[in-house]
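Below is coords_4.pdb, holding PDB, C-alpha atoms, pLDDT in the B column.
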ATOM      1  CA  MET A   1     121.305 -17.960  58.778  1.00 92.00           C
ATOM      2  CA  ILE A   2     118.288 -18.339  61.028  1.00 97.00           C
ATOM      3  CA  ALA A   3     117.906 -16.431  64.276  1.00 98.00           C
ATOM      4  CA  VAL A   4     115.932 -18.112  67.046  1.00 98.00           C
ATOM      5  CA  ILE A   5     113.781 -16.444  69.688  1.00 98.00           C
ATOM      6  CA  LEU A   6     112.742 -18.715  72.558  1.00 98.00           C
ATOM      7  CA  ILE A   7     109.551 -17.560  74.301  1.00 98.00           C
ATOM      8  CA  SER A   8     108.050 -19.113  77.411  1.00 98.00           C
ATOM      9  CA  HIS A   9     106.356 -18.723  80.726  1.00 97.00           C
ATOM     10  CA  SER A  10     108.858 -17.710  83.418  1.00 97.00           C
ATOM     11  CA  ASP A  11     112.483 -18.900  83.106  1.00 98.00           C
ATOM     12  CA  PHE A  12     111.973 -21.874  80.791  1.00 98.00           C
ATOM     13  CA  ALA A  13     113.237 -20.088  77.655  1.00 98.00           C
ATOM     14  CA  ALA A  14     116.341 -18.725  79.427  1.00 98.00           C
ATOM     15  CA  SER A  15     117.076 -22.125  80.941  1.00 98.00           C
ATOM     16  CA  LEU A  16     116.607 -23.886  77.610  1.00 98.00           C
ATOM     17  CA  LYS A  17     118.992 -21.398  75.996  1.00 98.00           C
ATOM     18  CA  LYS A  18     121.559 -22.046  78.718  1.00 98.00           C
ATOM     19  CA  ALA A  19     121.166 -25.821  78.413  1.00 98.00           C
ATOM     20  CA  SER A  20     121.485 -25.726  74.620  1.00 98.00           C
ATOM     21  CA  GLU A  21     124.695 -23.729  74.895  1.00 97.00           C
ATOM     22  CA  MET A  22     126.022 -26.252  77.406  1.00 97.00           C
ATOM     23  CA  VAL A  23     125.375 -29.009  74.862  1.00 96.00           C
ATOM     24  CA  TYR A  24     126.213 -27.171  71.629  1.00 94.00           C
ATOM     25  CA  GLY A  25     128.383 -24.238  72.705  1.00 95.00           C
ATOM     26  CA  PRO A  26     127.836 -20.469  72.753  1.00 96.00           C
ATOM     27  CA  GLN A  27     125.429 -19.245  70.093  1.00 97.00           C
ATOM     28  CA  GLU A  28     124.868 -16.041  68.200  1.00 97.00           C
ATOM     29  CA  ALA A  29     121.380 -15.014  67.103  1.00 98.00           C
ATOM     30  CA  LEU A  30     119.694 -16.890  69.943  1.00 98.00           C
ATOM     31  CA  ALA A  31     117.491 -14.954  72.371  1.00 98.00           C
ATOM     32  CA  ALA A  32     115.257 -15.934  75.269  1.00 98.00           C
ATOM     33  CA  ILE A  33     112.186 -14.038  76.399  1.00 98.00           C
ATOM     34  CA  GLY A  34     110.084 -14.971  79.417  1.00 97.00           C
ATOM     35  CA  LEU A  35     106.603 -14.019  80.531  1.00 97.00           C
ATOM     36  CA  TYR A  36     106.651 -13.040  84.201  1.00 95.00           C
ATOM     37  CA  GLY A  37     104.077 -12.056  86.798  1.00 90.00           C
ATOM     38  CA  ASP A  38     101.630  -9.430  85.699  1.00 86.00           C
ATOM     39  CA  ALA A  39     103.162  -8.827  82.261  1.00 87.00           C
ATOM     40  CA  GLY A  40     100.456  -8.855  79.638  1.00 91.00           C
ATOM     41  CA  LEU A  41     100.079 -10.004  76.087  1.00 95.00           C
ATOM     42  CA  GLU A  42     100.819  -6.594  74.598  1.00 96.00           C
ATOM     43  CA  SER A  43     104.040  -6.003  76.542  1.00 96.00           C
ATOM     44  CA  LEU A  44     105.302  -9.492  75.694  1.00 97.00           C
ATOM     45  CA  ALA A  45     104.427  -8.951  72.030  1.00 98.00           C
ATOM     46  CA  ALA A  46     106.344  -5.663  72.066  1.00 98.00           C
ATOM     47  CA  GLU A  47     109.418  -7.370  73.521  1.00 98.00           C
ATOM     48  CA  ILE A  48     109.225 -10.122  70.894  1.00 98.00           C
ATOM     49  CA  ARG A  49     108.831  -7.566  68.111  1.00 98.00           C
ATOM     50  CA  ALA A  50     111.844  -5.582  69.331  1.00 98.00           C
ATOM     51  CA  GLN A  51     113.984  -8.741  69.267  1.00 98.00           C
ATOM     52  CA  TYR A  52     112.620  -9.682  65.858  1.00 98.00           C
ATOM     53  CA  ASP A  53     113.437  -6.214  64.502  1.00 98.00           C
ATOM     54  CA  ALA A  54     116.992  -6.433  65.865  1.00 98.00           C
ATOM     55  CA  PHE A  55     117.597  -9.818  64.216  1.00 98.00           C
ATOM     56  CA  ALA A  56     115.902  -8.812  60.946  1.00 98.00           C
ATOM     57  CA  ALA A  57     118.031  -5.659  60.786  1.00 98.00           C
ATOM     58  CA  GLU A  58     121.095  -7.912  60.821  1.00 98.00           C
ATOM     59  CA  GLY A  59     119.699  -9.913  57.898  1.00 96.00           C
ATOM     60  CA  TYR A  60     118.529 -12.998  59.787  1.00 97.00           C
ATOM     61  CA  GLN A  61     115.465 -15.029  58.975  1.00 96.00           C
ATOM     62  CA  VAL A  62     113.676 -15.388  62.325  1.00 97.00           C
ATOM     63  CA  ILE A  63     111.869 -18.300  63.934  1.00 98.00           C
ATOM     64  CA  CYS A  64     110.200 -18.339  67.325  1.00 98.00           C
ATOM     65  CA  LEU A  65     109.907 -21.387  69.529  1.00 98.00           C
ATOM     66  CA  THR A  66     107.321 -21.314  72.305  1.00 98.00           C
ATOM     67  CA  ASP A  67     106.577 -23.565  75.234  1.00 97.00           C
ATOM     68  CA  LEU A  68     102.844 -24.200  74.811  1.00 96.00           C
ATOM     69  CA  PRO A  69     100.509 -23.979  71.839  1.00 96.00           C
ATOM     70  CA  HIS A  70      97.886 -21.221  72.045  1.00 96.00           C
ATOM     71  CA  ALA A  71      99.111 -19.915  75.411  1.00 96.00           C
ATOM     72  CA  THR A  72     100.168 -16.313  76.045  1.00 96.00           C
ATOM     73  CA  PRO A  73     103.771 -16.630  74.724  1.00 98.00           C
ATOM     74  CA  TYR A  74     102.500 -18.251  71.514  1.00 98.00           C
ATOM     75  CA  ASN A  75      99.725 -15.689  71.081  1.00 97.00           C
ATOM     76  CA  ALA A  76     102.142 -12.824  71.738  1.00 98.00           C
ATOM     77  CA  ALA A  77     104.444 -14.189  69.032  1.00 98.00           C
ATOM     78  CA  LEU A  78     101.515 -14.312  66.593  1.00 98.00           C
ATOM     79  CA  ILE A  79     100.732 -10.664  67.326  1.00 98.00           C
ATOM     80  CA  ALA A  80     104.365  -9.541  67.234  1.00 98.00           C
ATOM     81  CA  LEU A  81     105.205 -11.276  63.972  1.00 98.00           C
ATOM     82  CA  ASP A  82     102.034 -10.470  62.065  1.00 97.00           C
ATOM     83  CA  GLY A  83     103.001  -9.428  58.551  1.00 96.00           C
ATOM     84  CA  THR A  84     106.524 -10.845  58.735  1.00 97.00           C
ATOM     85  CA  ASP A  85     107.904 -13.909  56.988  1.00 93.00           C
ATOM     86  CA  SER A  86     108.576 -15.747  60.234  1.00 96.00           C
ATOM     87  CA  ARG A  87     107.633 -19.103  61.702  1.00 97.00           C
ATOM     88  CA  ILE A  88     106.337 -19.985  65.168  1.00 98.00           C
ATOM     89  CA  VAL A  89     106.704 -23.497  66.554  1.00 97.00           C
ATOM     90  CA  SER A  90     105.175 -24.541  69.876  1.00 97.00           C
ATOM     91  CA  GLY A  91     106.266 -27.368  72.160  1.00 96.00           C
ATOM     92  CA  MET A  92     109.956 -26.519  72.185  1.00 97.00           C
ATOM     93  CA  ASN A  93     112.346 -28.899  73.864  1.00 97.00           C
ATOM     94  CA  LEU A  94     116.116 -29.359  74.035  1.00 97.00           C
ATOM     95  CA  PRO A  95     116.473 -31.966  71.240  1.00 97.00           C
ATOM     96  CA  MET A  96     114.475 -29.728  68.888  1.00 97.00           C
ATOM     97  CA  LEU A  97     116.563 -26.681  69.739  1.00 98.00           C
ATOM     98  CA  VAL A  98     119.909 -28.467  69.411  1.00 97.00           C
ATOM     99  CA  GLN A  99     118.903 -29.765  65.970  1.00 97.00           C
ATOM    100  CA  ILE A 100     117.850 -26.282  64.877  1.00 98.00           C
ATOM    101  CA  LEU A 101     121.084 -24.742  66.136  1.00 98.00           C
ATOM    102  CA  SER A 102     123.242 -27.405  64.510  1.00 97.00           C
ATOM    103  CA  GLU A 103     121.576 -27.162  61.086  1.00 97.00           C
ATOM    104  CA  ARG A 104     120.357 -23.563  60.800  1.00 97.00           C
ATOM    105  CA  GLU A 105     123.331 -22.281  58.803  1.00 96.00           C
ATOM    106  CA  ASP A 106     122.538 -24.641  55.921  1.00 94.00           C
ATOM    107  CA  VAL A 107     118.832 -23.840  55.522  1.00 96.00           C
ATOM    108  CA  GLU A 108     117.763 -22.014  52.381  1.00 92.00           C
ATOM    109  CA  PRO A 109     114.788 -19.630  52.709  1.00 88.00           C
ATOM    110  CA  ASP A 110     112.545 -21.918  50.670  1.00 93.00           C
ATOM    111  CA  GLY A 111     113.465 -24.885  52.892  1.00 96.00           C
ATOM    112  CA  ILE A 112     112.456 -23.395  56.233  1.00 96.00           C
ATOM    113  CA  ASP A 113     109.144 -25.244  56.560  1.00 97.00           C
ATOM    114  CA  GLU A 114     110.687 -28.644  55.832  1.00 97.00           C
ATOM    115  CA  PHE A 115     113.523 -27.833  58.240  1.00 97.00           C
ATOM    116  CA  LEU A 116     111.078 -27.002  61.027  1.00 97.00           C
ATOM    117  CA  GLU A 117     108.943 -30.085  60.322  1.00 97.00           C
ATOM    118  CA  SER A 118     112.089 -32.178  60.793  1.00 97.00           C
ATOM    119  CA  ALA A 119     112.879 -30.380  64.063  1.00 97.00           C
ATOM    120  CA  ALA A 120     109.316 -30.948  65.294  1.00 96.00           C
ATOM    121  CA  GLU A 121     109.635 -34.634  64.462  1.00 96.00           C
ATOM    122  CA  THR A 122     112.893 -34.775  66.425  1.00 96.00           C
ATOM    123  CA  ALA A 123     111.100 -33.201  69.397  1.00 96.00           C
ATOM    124  CA  LYS A 124     108.372 -35.851  69.260  1.00 96.00           C
ATOM    125  CA  GLU A 125     110.793 -38.738  68.800  1.00 96.00           C
ATOM    126  CA  SER A 126     112.901 -37.628  71.764  1.00 96.00           C
ATOM    127  CA  ILE A 127     110.082 -38.345  74.198  1.00 95.00           C
ATOM    128  CA  GLU A 128     110.418 -41.767  75.777  1.00 95.00           C
ATOM    129  CA  VAL A 129     108.565 -43.491  78.564  1.00 94.00           C
ATOM    130  CA  CYS A 130     110.684 -45.897  80.555  1.00 92.00           C
ATOM    131  CA  SER A 131     109.700 -48.217  83.358  1.00 90.00           C
ATOM    132  CA  THR A 132     112.202 -48.662  86.153  1.00 92.00           C
ATOM    133  CA  VAL A 133     110.573 -51.907  87.242  1.00 88.00           C
ATOM    134  CA  SER A 134     112.487 -54.941  86.020  1.00 79.00           C
ATOM    135  CA  ALA A 135     110.725 -57.793  84.263  1.00 69.00           C
ATOM    136  CA  ASP A 136     111.284 -60.035  87.320  1.00 71.00           C
ATOM    137  CA  GLU A 137     109.695 -57.464  89.637  1.00 67.00           C
ATOM    138  CA  GLU A 138     106.689 -57.152  87.326  1.00 61.00           C
ATOM    139  CA  GLU A 139     106.148 -60.931  87.433  1.00 64.00           C
ATOM    140  CA  GLU A 140     106.338 -60.917  91.249  1.00 63.00           C
ATOM    141  CA  GLU A 141     103.733 -58.145  91.425  1.00 61.00           C
ATOM    142  CA  ASP A 142     101.396 -60.159  89.192  1.00 60.00           C
ATOM    143  CA  ASP A 143     101.606 -63.276  91.446  1.00 57.00           C
ATOM    144  CA  PHE A 144      98.854 -62.581  93.963  1.00 55.00           C
TER     145      PHE A 144
END

Mind turning this structure into C-alpha cells?
Amino acid sequence: MIAVILISHSDFAASLKKASEMVYGPQEALAAIGLYGDAGLESLAAEIRAQYDAFAAEGYQVICLTDLPHATPYNAALIALDGTDSRIVSGMNLPMLVQILSEREDVEPDGIDEFLESAAETAKESIEVCSTVSADEEEEEDDF
C-alpha cells in the first residue's frame, strides 16, 4: 500500500488531512507536515525524512503531496527524498487526495506514475468556475 505525506505552508496539510478523513473516514499511513514561522528548509526536510523513514520501515511505498510547486515544502521534499523511490506531486487538493486514498491499496509498484497522473487529472478536472448571475440578469446588465 502507499503511504501519503501531505506537506504545506502552515495548517493546510493538517486541514486537508482532516477534511479527507471526514469524507473518506479515518486513514492509516497518512501524515501531515506544515511549515511554520521561522522554520527553514533543512528542518522541514528533516521532518519529512523522519516521516518517510517511519513509513518505509513499515514497508510502505511513499508519496508526498505538496501545496505549491517549487516552494519551500516542495523543495524540502526533494531534499528529504533524494535517493529514494518516492514521488512528489504539487498542487494537492481534496479531490486528488480522496482519489489517492480510495485507490492506493490496489496500486502495483510499477503503476505508481500512471496512478498519480490520474490523480493529478482529477485535481485539474475538479476545478470549476461558476457564475452566480442568472442569464436574465446578464441580459439586463447588457441593456444600457

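The list of residues with at least one atom within 10 Å of range 96-99 of chain A, based on all atoms listed in the file and without residues fewer than 6 positions apart in the same chain, reads A:Val4, A:Leu6, A:Leu16, A:Lys17, A:Ala19, A:Ser20, A:Glu21, A:Val23, A:Tyr24, A:Leu65, A:Phe115, A:Leu116, A:Ser118, A:Ala119, A:Ala120, A:Glu121, A:Thr122, A:Ala123, A:Lys124, A:Glu125, A:Ser126.
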
Mind pulling up the distance from CA of Glu117 in chain A to CA of Gln61 in chain A? 16.5 Å

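Residues surrounding Leu44 in chain A within 10 Å are Ile7, Ile33, Gly34, Leu35, Tyr36, Ala39, Gly40, Leu41, Glu47, Ile48, Arg49, Ala50, Thr72, Pro73, Asn75, Ala76, Ala77, Ile79 and Ala80 of chain A [all atoms listed in the file; sequence separation below 3 positions excluded].
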
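Each of A:Asp106, A:Ser8, A:Ala3, A:Gly37 was checked against Gln51 in chain A using only C-alpha atoms; the smallest atom-to-atom distance is that of A:Ala3.
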
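What separates CA of Ala71 in chain A from CA of Thr84 in chain A is a distance of 20.4 Å.
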
Which of A:Ser134, A:Ser102, A:Ser86, A:Thr66 sits closest to Ser10 in chain A [using only C-alpha atoms]: A:Thr66

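Compared by their closest atoms to Lys18 in chain A, and using all atoms listed in the file, the residues A:Leu94, A:Glu128, A:Asp82, A:Tyr74 rank with A:Leu94 nearest.
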
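Closest approach to Pro95 in chain A among A:Asp113, A:Ile127, A:Ala31, A:Leu68: A:Ile127, based on all atoms listed in the file.
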
Quick one: residues within 9 Å of Ala29 in chain A, only C-alpha atoms counted, chain neighbours fewer than 6 positions away excluded, as a short mmCIF file (atom, residue, chain, number, x, y, z; two decimals) with C-alpha atoms, keeping the file's coordinate frame?
data_model
loop_
_atom_site.label_atom_id
_atom_site.label_comp_id
_atom_site.auth_asym_id
_atom_site.auth_seq_id
_atom_site.Cartn_x
_atom_site.Cartn_y
_atom_site.Cartn_z
CA MET A 1 121.30 -17.96 58.78
CA ILE A 2 118.29 -18.34 61.03
CA ALA A 3 117.91 -16.43 64.28
CA VAL A 4 115.93 -18.11 67.05
CA ILE A 5 113.78 -16.44 69.69
CA PHE A 55 117.60 -9.82 64.22
CA TYR A 60 118.53 -13.00 59.79
#

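Interatomic distance, CA of Ala32 in chain A to CA of Asp110 in chain A: 25.5 Å.
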
Let me have the centre and edge lengths of the axis-aligned box enclosing all listed atoms of range 59-74 of chain A with 3 Å padding on every side, in Å to one decimal, as JSON.
{"center_x": 108.8, "center_y": -17.1, "center_z": 67.0, "size_x": 27.8, "size_y": 20.3, "size_z": 24.1}
